[in-house]
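What follows is a single structure, written as structure tokens, with notes after it.
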Amino acid sequence: MKFEISNAERDAANAFMEEHTECKDTSAIGGQWAYTFIGTSLGPIFKLRCTLCGTEKDCTEYESW
């Protein structure tokens, strides 16, 4: 299955990442961001989580459903 994000979802994800610039990943391989896609009958749900502080944002563009 292939999940794609819209421009609005990408903008929401980028804004969320900008809010978390103070979270510093000191590991050698990174891994600060966890992307979750949940397929539904209406469309995919897209969530982004900062693994360093645990905050999660629903970036789904529900208007496109």
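Please note that chains go A, B, ... in the order of the structure tokens, that every chain numbers its residues from 1, and that ligands are numbered from 1 in the order shown.
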
- [ ] Would you please extract all strand (DSSP E) residues from chain A, as assigned by DSSP on the backbone, and give them as a ChimeraX atom specification?
- [x] /A:33-38,45-50,56-58

TODO: Rounded to one decimal place, report the atom CA of A:Cys50-atom CA of A:Ser6 distance in Å.
DONE: 20.1 Å

Task: Who sits within 12 Å of stretch 43-45 of chain A, only C-alpha atoms, same chain under 3 positions skipped, as JSON, numbers by chain - done: {"A": [1, 2, 3, 4, 5, 6, 9, 35, 36, 37, 38, 39, 40, 48, 57, 58, 59, 60, 61, 62, 63, 64, 65]}

TODO: Please indicate the distance in Å from atom CA of A:Lys47 to atom CA of A:Lys24, rounded to one decimal place.
DONE: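 Calculated distance between atom CA of A:Lys47 and atom CA of A:Lys24 is 20.3 Å.
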
Task: helix (DSSP H, G or I) positions in chain A, given as a list in words - done: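 Secondary structure check on chain A, helix (DSSP H, G or I): Asn7, Ala8, Glu9, Arg10, Asp11, Ala12, Ala13, Asn14, Ala15, Phe16, Met17, Glu18, Glu19, Tyr62, Glu63 and Ser64 of chain A.
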
Keeping only C-alpha atoms, write the selected residues to a file as a CSV table (one decimal), in the first residue's frame.
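The result, written out as again_31.csv:
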chain,number,residue,atom,x,y,z
A,7,ASN,CA,0.7,19.9,0.1
A,8,ALA,CA,-1.4,20.9,3.1
A,9,GLU,CA,-0.4,17.9,5.1
A,10,ARG,CA,3.3,18.5,4.2
A,11,ASP,CA,2.9,22.1,5.4
A,12,ALA,CA,1.3,21.0,8.7
A,13,ALA,CA,4.1,18.5,9.2
A,14,ASN,CA,6.8,21.1,8.5
A,15,ALA,CA,5.2,23.6,10.9
A,16,PHE,CA,5.1,20.9,13.6
A,17,MET,CA,8.8,20.2,13.0
A,18,GLU,CA,9.7,23.8,13.2
A,19,GLU,CA,7.9,24.0,16.6
A,62,TYR,CA,-9.8,15.9,6.4
A,63,GLU,CA,-11.2,18.5,3.9
A,64,SER,CA,-9.9,16.3,1.0

Open item on the list: One decimal, in Å: what's the spacing between atom CA of A:Ala34 and atom CA of A:Arg49?
Closed with: 5.1 Å

TODO: Fewer than 2 positions away in the same chain doesn't count, so skip those; otherwise give me all residues within 8 Å of A:Cys23, counting only C-alpha atoms, as a list in words.
DONE: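 Once the nearby chain positions are removed, what remains is His20, Thr21, Asp25, Leu52 and Cys53 of chain A.
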